[in-house]
Amino acid sequence: MRYLPHSEADRAKMLATIGVKSTQELFDVIPDALKIKEPLDLPATSPEYAVEAHMQALAGKNHTGGDGPFFVGAGAYRHHVPASVDHLIQRSEWLTAYTPYQPEISQGTLQMLFEFQTQVAHLTGMEVANASMYDGSTAAAEAILMARRITRRQKIIVSGGLHPQYRDVLKTYLTRDEGLVCRPPNRQGTARIIDEVDETVAAILVQTPDFFGHLHDIEALANAAHEKGALLIVVVTEILALGIIEAPGAFGADIVVGEGQSLGNPLGFGGPYVGLMATRQKFIRQMPGRLCGETLDAQGKRGFVLTLSTREQHIRREKATSNICTNAGLCALAFSIHLSLLGELGLKKLARINHANACKLADALENVPGVSVLNKTFFNEFTIRLNTRAAPVVQALADRGIMAGVPVSRLLPDEGELSDLIVLAATELTSDEDIAALVSTLTEELS
Amino acid sequence: MSMNQQGRPTGIENSTNGSCEGAALLPMEPLLFEIGATDHSGVDLPDVELNSSRLGAYERQSPLDLPGLTEPEAMRHYVRLSRLNYSIDAGLYPLGSCTMKHNPRLNEKMARLPGFADVHPLQPVSSVQGAIGVISELGEWLMALTNTSAVAMSPKAGAHGELCGMMAIHAAHTANGQAHRTIVLVPESAHGTNPATAAFLGYKVKPIPANSDGTVDVRAVEEALSSDVAAIMLTNPNTCGLFEPDVKKIADAVHKAGAYFYCDGANFNAIMGVARPGDLGIDAMHINLHKTFSTPHGGGGPGAGPVVLSQALAPFAPVPFVRKNGQELELVEHAQGSQSLGRLTAFHGQMGMFTRALTYMLSHGGDGLTQAANDAVLNANYLKTRLETVFSMPFGAQHCMHEVLCDDDFLKGTGVTTLDFAKAMIDEGYHPMTMYFPLVVHGAMLIEPTESESLKALDAFADTMLELAGAAKAGERERFTSAPRKAPMRRLDETGAARSPKLKWVKPD
Ligand SMILES: Cc1ncc(COP(=O)(O)O)c(C=O)c1O
């Protein structure tokens, strides 16, 4: 087997040194009845080319984003990743390092995390960010638990504009209590949750741009929350939006969580992605996840270490702020490299292009008979309403090679009145030809 | 000094200024914020006119303050930083419990096929049959290797898998009218994520002491069991590197008491293809694909933690899961109307890790995986034999599984701590082993070589370890307490970092 260095002679020599006759003897502690008697019914060792053929065949059954016009978003976005990002993250020293528990020989990872934390803080307008969570949805769940620890209150009000799968994750994480109040999905983005905030509320959680694409008045929400001693949690699933829309921190958000996939990370059928979490300095001891901090070495040189680990499971065990251990390190690296390549200049331009393409798409779809655009505001994603059920139309377009977006019914099958909606995204990869193809095919399908 | 005909020196002059520390190839690198500039960019993009904006009143006004790097600057920055890291590709990485094995590059190549990398999780299911096929095939392998009947694929890492398994247990108890069970038994040797997970779900953690031989005391488990106990969380092989010989007895006692057996499968590498957890009586077990199945650790993640489930827990598995309908693969994405515990993450889990893990499994085959487990255990026992004359091993009377546990007894009287010893290993070119874990032995050193190390590599490592131990005993305390001296950095002040946390770069005034 090409990954196993021992020859039979090596093995024999080692067994002799240990003083046993066979490797089997090393497993004597496992009762015989519990051992596998016959070889498992699994394929045998395979050469690289055979494995490659097998995987290629599976990959070949998928319609890729590059195969045709593509408008699918809803929490994961098809952006271009510069070639240098993927090259760099495959360097051995990034790819095959462990968590930086020995800082003297992990300064690469640690400095990168310090830079990542700073970038996320600047992007969200917050004072501090952690070294990543699994993804946006689990970061949102951790944020509501964090808000409860800070306020010592239980009630969480979740806006109807939250991505339905995020909402489901929150519900799963909080199966044990009644404190989670999820507002019904709100396609127009106009519901007023402000009126529901009272002194029992730990936090209100709102997504902007929301699942349907609407932008929200974060400042009004923050003020309403703070007036009652509650926190405001803002969720951003398309982090690129913050290149052109105001940072939640500038409006008074207390915790900002996000999905960072859009920068540096491919769609990859849903993962691995990178969860972002940022907050105020005064809340850091209630934050979950790893934090990297600056310090000095024994000779006074600047260096970086994982810090405040008394919040974490490996030190605090059952009193930890979270059970998270492994996070999204390499995806955070990809995010950080892509963002430093873009810089402020590139990020703003990229966000503008996304917005401009989405505006073009919306204008074009507005002219399709049987289609109306619901949004007054959006970034690169919005919702259209058809004069018929959306899912069969999306399927028909897919069968014709066009990925037309996500029918809302896929995520909210029980909301009958939303079954005519499609959420569509445009990015820098959306061309005028793609839009024209969608418009003409959709026109045909609807007539 | 002699010169050649061009007048070039041919010899080496005696160096006057001491040792060479390799610093020329390891320059310290300034922060991105110190080298980048907000008017630099490494991405060329057209300027577009926004005829009409739909941003309403929300256009960004506050500064971004994000420096950019052109591509050559970025290459320098990240290549230079990378060189300050240790990695498996560069050397033996004996972190016990972490299974730092070789990460095959074929895995990387396969994960990057556009058919996997450039597909969206919410495309119509008919357009992603191959991607769902990967999830399904990998699940089949995991079930075959563990002899279980269901697997939850979506957990994002080991700790997330623990959450998944314990939530399934909670859901099962609730469904069976047993919601009053509020205690979870956790052996003292357990990884921190185990008690943290139990507490996360509101359970009370009751620690179970270890026997003097490092295994769990069955009698202590039996005594702790009651009608209030929801589950035991047991690691097997355990964190002392030992197989729990009474695992079946423990499982039976737990089941008899109406509780479930959660197994932490972080150490599955030792027994894959040798014994199947399903035969040991487990109800749920996470498998860290980033340990046992070679997906890279990436400096701290991402991982993947699928959870295999017994028949008793299968109905409570989270969504999404794959269902076969003739030739078609379907994704069940909603829990409504079922007993499913719900959804643990947006989308379908760590697909990029699935393609890598499946590639790894196909490469090895069933026989190769068994051989890998055998070699992992052989390597650990070989190191144990080579080290045991000098190193103190609290549970050393028996063979170990895939990792060998030492304590700091052999350092008594030397003034050298486990931490000092670890830092001195760095000066010899090695990443240290896991330190101070498990908590059940004093000054723990947990060494896991994995199957990826050759005999020569193991011998070289053992020689270094023995030489270091000899030096400690010979009174060379200073060599340890001042270590590392040859790393890019001397010892870092972690206490100072925590006292006044500086968690981001701040522009100097
Ligand atoms: C024994 C044990 N259990 C659980 C975990 C947690 O796994 P993860 O880091 O993937 O969340 C680890 C790994 O660090 C471990 O070693």
# chains A, B, ... in the order shown; residues from 1 in each chain; ligands from 1
$ residues_around --residues "Asp283 (chain B)" --least-positions-apart "2" --cutoff "8 Å" --atoms "only C-alpha atoms" --output "PDB file with N, CA, C and O atoms, in the first residue's frame"
ATOM      1  N   TYR B 260     -27.840   4.940  27.232  1.00  0.00           N
ATOM      2  CA  TYR B 260     -27.187   4.686  25.950  1.00  0.00           C
ATOM      3  C   TYR B 260     -25.679   4.843  26.063  1.00  0.00           C
ATOM      4  O   TYR B 260     -25.168   5.505  26.967  1.00  0.00           O
ATOM      5  N   PHE B 261     -25.002   4.247  25.096  1.00  0.00           N
ATOM      6  CA  PHE B 261     -23.539   4.227  25.085  1.00  0.00           C
ATOM      7  C   PHE B 261     -23.054   5.116  23.947  1.00  0.00           C
ATOM      8  O   PHE B 261     -23.155   4.746  22.782  1.00  0.00           O
ATOM      9  N   TYR B 262     -22.568   6.327  24.299  1.00  0.00           N
ATOM     10  CA  TYR B 262     -21.927   7.181  23.305  1.00  0.00           C
ATOM     11  C   TYR B 262     -20.442   6.859  23.304  1.00  0.00           C
ATOM     12  O   TYR B 262     -19.796   6.888  24.351  1.00  0.00           O
ATOM     13  N   CYS B 263     -19.906   6.550  22.145  1.00  0.00           N
ATOM     14  CA  CYS B 263     -18.478   6.259  22.065  1.00  0.00           C
ATOM     15  C   CYS B 263     -17.777   7.404  21.328  1.00  0.00           C
ATOM     16  O   CYS B 263     -18.199   7.811  20.245  1.00  0.00           O
ATOM     17  N   GLY B 278     -19.894  -1.388  16.435  1.00  0.00           N
ATOM     18  CA  GLY B 278     -21.258  -1.921  16.555  1.00  0.00           C
ATOM     19  C   GLY B 278     -21.272  -3.228  17.328  1.00  0.00           C
ATOM     20  O   GLY B 278     -22.214  -3.519  18.073  1.00  0.00           O
ATOM     21  N   GLY B 281     -21.213  -2.783  21.191  1.00  0.00           N
ATOM     22  CA  GLY B 281     -22.409  -2.336  21.893  1.00  0.00           C
ATOM     23  C   GLY B 281     -22.629  -0.834  21.911  1.00  0.00           C
ATOM     24  O   GLY B 281     -23.417  -0.326  22.705  1.00  0.00           O
ATOM     25  N   MET B 285     -21.395   6.887  17.696  1.00  0.00           N
ATOM     26  CA  MET B 285     -19.945   7.150  17.745  1.00  0.00           C
ATOM     27  C   MET B 285     -19.577   8.107  16.616  1.00  0.00           C
ATOM     28  O   MET B 285     -19.940   7.883  15.469  1.00  0.00           O
ATOM     29  N   VAL B 308     -21.976   7.368  13.482  1.00  0.00           N
ATOM     30  CA  VAL B 308     -22.700   6.136  13.205  1.00  0.00           C
ATOM     31  C   VAL B 308     -23.648   5.870  14.379  1.00  0.00           C
ATOM     32  O   VAL B 308     -23.359   6.204  15.522  1.00  0.00           O
ATOM     33  N   LEU B 309     -24.790   5.272  14.046  1.00  0.00           N
ATOM     34  CA  LEU B 309     -25.857   5.113  15.045  1.00  0.00           C
ATOM     35  C   LEU B 309     -26.363   3.679  15.080  1.00  0.00           C
ATOM     36  O   LEU B 309     -26.421   3.002  14.044  1.00  0.00           O
ATOM     37  N   SER B 310     -26.737   3.226  16.278  1.00  0.00           N
ATOM     38  CA  SER B 310     -27.350   1.907  16.423  1.00  0.00           C
ATOM     39  C   SER B 310     -28.802   1.976  15.951  1.00  0.00           C
ATOM     40  O   SER B 310     -29.342   3.071  15.746  1.00  0.00           O
ATOM     41  N   GLN B 311     -29.415   0.807  15.834  1.00  0.00           N
ATOM     42  CA  GLN B 311     -30.813   0.781  15.412  1.00  0.00           C
ATOM     43  C   GLN B 311     -31.698   1.583  16.359  1.00  0.00           C
ATOM     44  O   GLN B 311     -32.650   2.230  15.932  1.00  0.00           O
ATOM     45  N   ALA B 312     -31.353   1.547  17.650  1.00  0.00           N
ATOM     46  CA  ALA B 312     -32.182   2.253  18.634  1.00  0.00           C
ATOM     47  C   ALA B 312     -32.184   3.756  18.387  1.00  0.00           C
ATOM     48  O   ALA B 312     -33.179   4.422  18.634  1.00  0.00           O
ATOM     49  N   LEU B 313     -31.067   4.276  17.898  1.00  0.00           N
ATOM     50  CA  LEU B 313     -30.978   5.732  17.713  1.00  0.00           C
ATOM     51  C   LEU B 313     -31.226   6.182  16.279  1.00  0.00           C
ATOM     52  O   LEU B 313     -31.447   7.364  16.024  1.00  0.00           O
TER      53      LEU B 313
END
$ residues_near_ligand --ligand "ligand 1" --cutoff "9 Å" --atoms "only C-alpha atoms and all ligand atoms" --output "PyMOL selection string"
(chain A and resi 314+323-327) or (chain B and resi 96-99+156-162+190-194+235-236+238-239+264-267+286-291+300-305)
$ select_by_dssp --residues "region 189-408 of chain A" --states "alpha helix (DSSP H)" --output "NGL selection string"
:A and (218-227 or 313-316 or 329-366 or 390-399 or 408)
$ write_last_selection --atoms "C-alpha atoms" --output "short mmCIF file (atom, residue, chain, number, x, y, z; two decimals), in the first residue's frame"
data_model
loop_
_atom_site.label_atom_id
_atom_site.label_comp_id
_atom_site.auth_asym_id
_atom_site.auth_seq_id
_atom_site.Cartn_x
_atom_site.Cartn_y
_atom_site.Cartn_z
CA ILE A 218 -29.87 47.72 11.89
CA GLU A 219 -29.65 50.97 13.80
CA ALA A 220 -33.33 51.01 14.69
CA LEU A 221 -33.12 47.40 15.83
CA ALA A 222 -30.01 48.06 17.90
CA ASN A 223 -31.59 51.03 19.61
CA ALA A 224 -34.76 49.11 20.39
CA ALA A 225 -32.78 46.20 21.80
CA HIS A 226 -30.47 48.34 23.88
CA GLU A 227 -33.34 50.31 25.34
CA GLN A 313 -13.33 22.84 26.61
CA HIS A 314 -9.78 21.58 26.90
CA ILE A 315 -9.22 23.70 30.01
CA ARG A 316 -12.68 24.33 31.41
CA GLY A 329 -8.65 27.03 10.05
CA LEU A 330 -7.79 26.42 6.41
CA CYS A 331 -11.00 28.02 5.15
CA ALA A 332 -10.18 31.02 7.33
CA LEU A 333 -6.78 31.14 5.64
CA ALA A 334 -8.41 31.07 2.19
CA PHE A 335 -10.76 33.85 3.31
CA SER A 336 -7.89 35.92 4.64
CA ILE A 337 -5.70 35.51 1.55
CA HIS A 338 -8.54 36.37 -0.80
CA LEU A 339 -9.43 39.43 1.27
CA SER A 340 -5.85 40.63 1.39
CA LEU A 341 -5.56 40.22 -2.37
CA LEU A 342 -8.71 42.25 -2.84
CA GLY A 343 -7.92 44.85 -0.22
CA GLU A 344 -10.35 47.64 0.35
CA LEU A 345 -10.10 48.70 -3.26
CA GLY A 346 -10.87 45.29 -4.73
CA LEU A 347 -13.53 44.43 -2.19
CA LYS A 348 -15.51 47.56 -2.94
CA LYS A 349 -15.22 47.01 -6.69
CA LEU A 350 -16.22 43.39 -6.41
CA ALA A 351 -19.23 44.28 -4.29
CA ARG A 352 -20.25 46.95 -6.81
CA ILE A 353 -20.02 44.49 -9.69
CA ASN A 354 -22.16 42.01 -7.80
CA HIS A 355 -24.74 44.66 -7.06
CA ALA A 356 -24.72 45.97 -10.63
CA ASN A 357 -25.24 42.47 -12.04
CA ALA A 358 -28.06 41.78 -9.61
CA CYS A 359 -29.71 45.08 -10.61
CA LYS A 360 -29.46 44.06 -14.28
CA LEU A 361 -30.91 40.67 -13.47
CA ALA A 362 -33.80 42.19 -11.53
CA ASP A 363 -34.57 44.68 -14.29
CA ALA A 364 -34.55 41.92 -16.89
CA LEU A 365 -36.78 39.61 -14.87
CA GLU A 366 -39.24 42.41 -14.14
CA ALA A 390 -41.90 27.79 -8.50
CA ALA A 391 -40.33 24.38 -7.90
CA PRO A 392 -41.51 22.73 -11.16
CA VAL A 393 -40.32 25.78 -13.11
CA VAL A 394 -36.88 25.67 -11.47
CA GLN A 395 -36.69 21.93 -12.23
CA ALA A 396 -37.71 22.49 -15.85
CA LEU A 397 -35.04 25.15 -16.26
CA ALA A 398 -32.45 22.87 -14.63
CA ASP A 399 -33.37 20.16 -17.10
CA VAL A 408 -38.38 28.91 -1.46
#
$ select_by_dssp --residues "region 241-387 of chain A" --states "strand (DSSP E)" --output "JSON, numbers by chain"
{"A": [255, 256, 257, 258, 259, 275, 276, 277, 278, 279, 291, 292, 293, 294, 295, 296, 302, 303, 304, 305, 306, 307, 371, 372, 373, 381, 382, 383, 384, 385, 386]}
$ write_last_selection --atoms "N, CA, C and O atoms" --output "compact mmCIF listing (two decimals), in the first residue's frame"
# COMPACT_ATOMS: atom_id res chain seq x y z
N ILE A 255 -23.29 41.44 18.50
CA ILE A 255 -22.59 40.26 17.99
C ILE A 255 -22.90 40.18 16.50
O ILE A 255 -24.06 40.33 16.10
N VAL A 256 -21.89 39.99 15.71
CA VAL A 256 -22.10 39.79 14.28
C VAL A 256 -21.57 38.41 13.92
O VAL A 256 -20.42 38.08 14.26
N VAL A 257 -22.41 37.59 13.29
CA VAL A 257 -21.93 36.30 12.82
C VAL A 257 -22.15 36.23 11.32
O VAL A 257 -23.06 36.88 10.78
N GLY A 258 -21.31 35.47 10.65
CA GLY A 258 -21.44 35.42 9.21
C GLY A 258 -20.90 34.14 8.62
O GLY A 258 -20.20 33.37 9.27
N GLU A 259 -21.29 33.94 7.37
CA GLU A 259 -20.74 32.85 6.59
C GLU A 259 -19.68 33.48 5.69
O GLU A 259 -19.99 34.38 4.91
N GLY A 275 -17.21 29.92 9.49
CA GLY A 275 -18.08 30.77 10.30
C GLY A 275 -17.30 31.94 10.88
O GLY A 275 -16.18 31.78 11.36
N LEU A 276 -17.90 33.12 10.78
CA LEU A 276 -17.27 34.33 11.34
C LEU A 276 -18.03 34.74 12.58
O LEU A 276 -19.25 34.62 12.63
N MET A 277 -17.31 35.23 13.58
CA MET A 277 -17.98 35.75 14.77
C MET A 277 -17.21 36.93 15.33
O MET A 277 -16.01 36.82 15.59
N ALA A 278 -17.90 38.04 15.49
CA ALA A 278 -17.26 39.26 16.01
C ALA A 278 -18.16 39.88 17.07
O ALA A 278 -19.38 39.72 17.04
N THR A 279 -17.54 40.59 17.99
CA THR A 279 -18.33 41.17 19.08
C THR A 279 -17.61 42.37 19.68
O THR A 279 -16.61 42.85 19.13
N LEU A 291 -9.21 32.06 20.17
CA LEU A 291 -8.80 33.44 19.96
C LEU A 291 -7.29 33.48 19.90
O LEU A 291 -6.61 32.81 20.68
N CYS A 292 -6.78 34.27 18.97
CA CYS A 292 -5.34 34.43 18.87
C CYS A 292 -4.98 35.82 19.37
O CYS A 292 -5.65 36.80 19.04
N GLY A 293 -3.94 35.89 20.19
CA GLY A 293 -3.55 37.19 20.74
C GLY A 293 -2.07 37.46 20.57
O GLY A 293 -1.26 36.54 20.43
N GLU A 294 -1.75 38.75 20.62
CA GLU A 294 -0.35 39.15 20.48
C GLU A 294 0.36 39.06 21.83
O GLU A 294 -0.22 39.32 22.87
N THR A 295 1.64 38.69 21.78
CA THR A 295 2.43 38.66 23.00
C THR A 295 3.91 38.84 22.64
O THR A 295 4.22 39.20 21.50
N LEU A 296 4.78 38.59 23.60
CA LEU A 296 6.22 38.69 23.36
C LEU A 296 6.89 37.37 23.68
O LEU A 296 6.40 36.61 24.52
N ARG A 302 7.97 40.29 19.12
CA ARG A 302 6.53 40.13 18.99
C ARG A 302 6.19 38.75 18.43
O ARG A 302 6.83 38.28 17.49
N GLY A 303 5.18 38.12 19.03
CA GLY A 303 4.71 36.84 18.52
C GLY A 303 3.25 36.67 18.89
O GLY A 303 2.65 37.54 19.51
N PHE A 304 2.69 35.52 18.49
CA PHE A 304 1.25 35.30 18.66
C PHE A 304 0.99 33.94 19.31
O PHE A 304 1.73 32.98 19.07
N VAL A 305 -0.06 33.89 20.12
CA VAL A 305 -0.44 32.63 20.79
C VAL A 305 -1.96 32.50 20.81
O VAL A 305 -2.67 33.49 20.67
N LEU A 306 -2.44 31.28 21.00
CA LEU A 306 -3.86 31.10 21.31
C LEU A 306 -4.05 31.58 22.74
O LEU A 306 -3.22 31.29 23.60
N THR A 307 -5.12 32.31 22.98
CA THR A 307 -5.25 32.91 24.30
C THR A 307 -6.68 32.85 24.84
O THR A 307 -7.60 32.44 24.13
N VAL A 371 -43.83 37.37 -13.88
CA VAL A 371 -42.79 37.49 -12.86
C VAL A 371 -42.85 38.86 -12.21
O VAL A 371 -43.00 39.87 -12.91
N SER A 372 -42.77 38.91 -10.88
CA SER A 372 -42.57 40.22 -10.24
C SER A 372 -41.45 40.12 -9.22
O SER A 372 -41.26 39.09 -8.59
N VAL A 373 -40.69 41.20 -9.12
CA VAL A 373 -39.59 41.26 -8.17
C VAL A 373 -40.14 41.83 -6.86
O VAL A 373 -40.77 42.88 -6.86
N GLU A 381 -28.79 39.58 -4.36
CA GLU A 381 -29.76 38.49 -4.32
C GLU A 381 -31.14 39.06 -4.01
O GLU A 381 -31.25 39.98 -3.20
N PHE A 382 -32.16 38.50 -4.62
CA PHE A 382 -33.51 39.02 -4.39
C PHE A 382 -34.51 37.90 -4.67
O PHE A 382 -34.14 36.81 -5.09
N THR A 383 -35.78 38.22 -4.44
CA THR A 383 -36.82 37.21 -4.57
C THR A 383 -37.79 37.60 -5.68
O THR A 383 -38.18 38.78 -5.77
N ILE A 384 -38.15 36.63 -6.50
CA ILE A 384 -39.20 36.90 -7.50
C ILE A 384 -40.40 36.02 -7.20
O ILE A 384 -40.29 34.95 -6.58
N ARG A 385 -41.53 36.52 -7.62
CA ARG A 385 -42.77 35.78 -7.46
C ARG A 385 -43.27 35.42 -8.85
O ARG A 385 -43.31 36.26 -9.74
N LEU A 386 -43.64 34.15 -9.03
CA LEU A 386 -44.16 33.69 -10.32
C LEU A 386 -45.68 33.61 -10.24
O LEU A 386 -46.26 33.60 -9.16
$ closest_residue --among "A:Met14, A:Glu115, A:Asn186, A:Gly300" --to "Glu415 (chain A)" --atoms "only C-alpha atoms"
A:Asn186
$ residues_around --residues "Thr237 (chain A)" --least-positions-apart "6" --cutoff "8 Å" --atoms "only C-alpha atoms" --output "short mmCIF file (atom, residue, chain, number, x, y, z; two decimals) with N, CA, C and O atoms, in the first residue's frame"
data_model
loop_
_atom_site.label_atom_id
_atom_site.label_comp_id
_atom_site.auth_asym_id
_atom_site.auth_seq_id
_atom_site.Cartn_x
_atom_site.Cartn_y
_atom_site.Cartn_z
N GLY A 75 -27.31 31.58 0.72
CA GLY A 75 -26.38 31.20 1.78
C GLY A 75 -25.06 30.66 1.30
O GLY A 75 -24.14 30.45 2.09
N ALA A 76 -24.92 30.40 -0.01
CA ALA A 76 -23.64 29.96 -0.59
C ALA A 76 -23.57 30.58 -1.98
O ALA A 76 -24.55 30.54 -2.72
N GLY A 136 -21.56 29.60 9.10
CA GLY A 136 -22.45 30.67 9.52
C GLY A 136 -23.60 30.18 10.39
O GLY A 136 -23.97 30.82 11.37
N GLN A 207 -31.11 38.92 10.14
CA GLN A 207 -30.17 38.71 9.04
C GLN A 207 -30.28 39.87 8.06
O GLN A 207 -31.39 40.29 7.71
N THR A 208 -29.12 40.38 7.61
CA THR A 208 -29.13 41.39 6.55
C THR A 208 -27.93 41.18 5.63
O THR A 208 -26.86 40.92 6.15
N PRO A 209 -28.05 41.19 4.34
CA PRO A 209 -29.30 41.10 3.60
C PRO A 209 -30.03 39.83 4.05
O PRO A 209 -29.36 38.83 4.30
N GLY A 258 -21.31 35.47 10.65
CA GLY A 258 -21.44 35.42 9.21
C GLY A 258 -20.90 34.14 8.62
O GLY A 258 -20.20 33.37 9.27
N GLU A 259 -21.29 33.94 7.37
CA GLU A 259 -20.74 32.85 6.59
C GLU A 259 -19.68 33.48 5.69
O GLU A 259 -19.99 34.38 4.91
N GLY A 260 -18.44 32.99 5.79
CA GLY A 260 -17.35 33.59 5.05
C GLY A 260 -17.03 32.92 3.73
O GLY A 260 -16.05 33.26 3.07
#
$ atom_distance --atom1 "CA of Pro209 (chain B)" --atom2 "CA of Ile169 (chain B)"
23.2 Å
$ residues_around --residues "Asp41 (chain A)" --least-positions-apart "3" --cutoff "12 Å" --atoms "only C-alpha atoms" --output "list of chain:residue names"
A:Ile36, A:Lys37, A:Glu38, A:Ala44, B:Glu140, B:Trp141, B:Met143, B:Ala144, B:Leu145, B:Asn147, B:Gly273, B:Gly365, B:Gly366, B:Asp367
$ residues_around --residues "Ala198 (chain B)" --least-positions-apart "4" --cutoff "8 Å" --atoms "only C-alpha atoms" --output "ChimeraX atom specification"
/A:318 /B:163,166,184,194,202-205
$ residues_around --residues "Asp228 (chain B)" --least-positions-apart "2" --cutoff "8 Å" --atoms "only C-alpha atoms" --output "number ranges by chain"
B: 180-183, 225-226, 230
$ write_last_selection --atoms "N, CA, C and O atoms" --output "short mmCIF file (atom, residue, chain, number, x, y, z; two decimals), in the first residue's frame"
data_model
loop_
_atom_site.label_atom_id
_atom_site.label_comp_id
_atom_site.auth_asym_id
_atom_site.auth_seq_id
_atom_site.Cartn_x
_atom_site.Cartn_y
_atom_site.Cartn_z
N HIS B 180 -36.53 12.43 32.14
CA HIS B 180 -36.01 12.77 33.48
C HIS B 180 -34.56 12.35 33.66
O HIS B 180 -33.95 12.65 34.68
N ARG B 181 -34.02 11.64 32.71
CA ARG B 181 -32.62 11.20 32.83
C ARG B 181 -31.70 12.40 32.57
O ARG B 181 -31.62 12.88 31.45
N THR B 182 -31.00 12.84 33.59
CA THR B 182 -30.25 14.09 33.46
C THR B 182 -28.76 13.95 33.71
O THR B 182 -28.04 14.94 33.72
N ILE B 183 -28.31 12.71 33.92
CA ILE B 183 -26.89 12.53 34.26
C ILE B 183 -26.16 11.83 33.11
O ILE B 183 -26.69 10.89 32.51
N LEU B 225 -24.51 3.94 37.68
CA LEU B 225 -25.71 3.84 36.84
C LEU B 225 -26.97 3.90 37.71
O LEU B 225 -26.99 3.37 38.82
N SER B 226 -27.97 4.58 37.18
CA SER B 226 -29.26 4.63 37.88
C SER B 226 -30.31 5.03 36.87
O SER B 226 -29.98 5.27 35.70
N ALA B 230 -28.60 9.15 31.65
CA ALA B 230 -29.01 9.15 30.25
C ALA B 230 -28.03 8.37 29.39
O ALA B 230 -28.42 7.69 28.44
#
$ closest_residue --among "A:Lys35, A:Lys21, A:Arg167, A:Lys228" --to "chain B" --atoms "only C-alpha atoms"
A:Lys35
$ residues_around --residues "Asn62 (chain A)" --least-positions-apart "2" --cutoff "7 Å" --atoms "only C-alpha atoms" --output "list of chain:residue names"
A:Ala59, A:Gly60, A:Thr64, B:Gly115, B:Ser127, B:Val128, B:Gln129, B:Gly130, B:Ala131
$ write_last_selection --atoms "C-alpha atoms" --output "short mmCIF file (atom, residue, chain, number, x, y, z; two decimals), in the first residue's frame"
data_model
loop_
_atom_site.label_atom_id
_atom_site.label_comp_id
_atom_site.auth_asym_id
_atom_site.auth_seq_id
_atom_site.Cartn_x
_atom_site.Cartn_y
_atom_site.Cartn_z
CA ALA A 59 -18.01 14.03 -10.27
CA GLY A 60 -19.18 13.64 -13.86
CA THR A 64 -21.31 22.30 -12.27
CA GLY B 115 -17.86 18.22 -10.35
CA SER B 127 -28.34 17.79 -10.98
CA VAL B 128 -26.10 16.59 -8.13
CA GLN B 129 -26.56 12.83 -8.10
CA GLY B 130 -22.80 12.28 -8.05
CA ALA B 131 -22.29 14.52 -5.04
#
$ closest_residue --among "B:Arg54, B:Lys507, B:Arg323, B:Lys423" --to "chain A" --atoms "only C-alpha atoms"
B:Arg54
$ closest_residue --among "B:Ala317, B:Met489, B:Leu358, B:Ile132" --to "chain A" --atoms "only C-alpha atoms"
B:Met489
$ atom_distance --atom1 "CA of Ser363 (chain B)" --atom2 "CA of Ser46 (chain A)"
4.9 Å
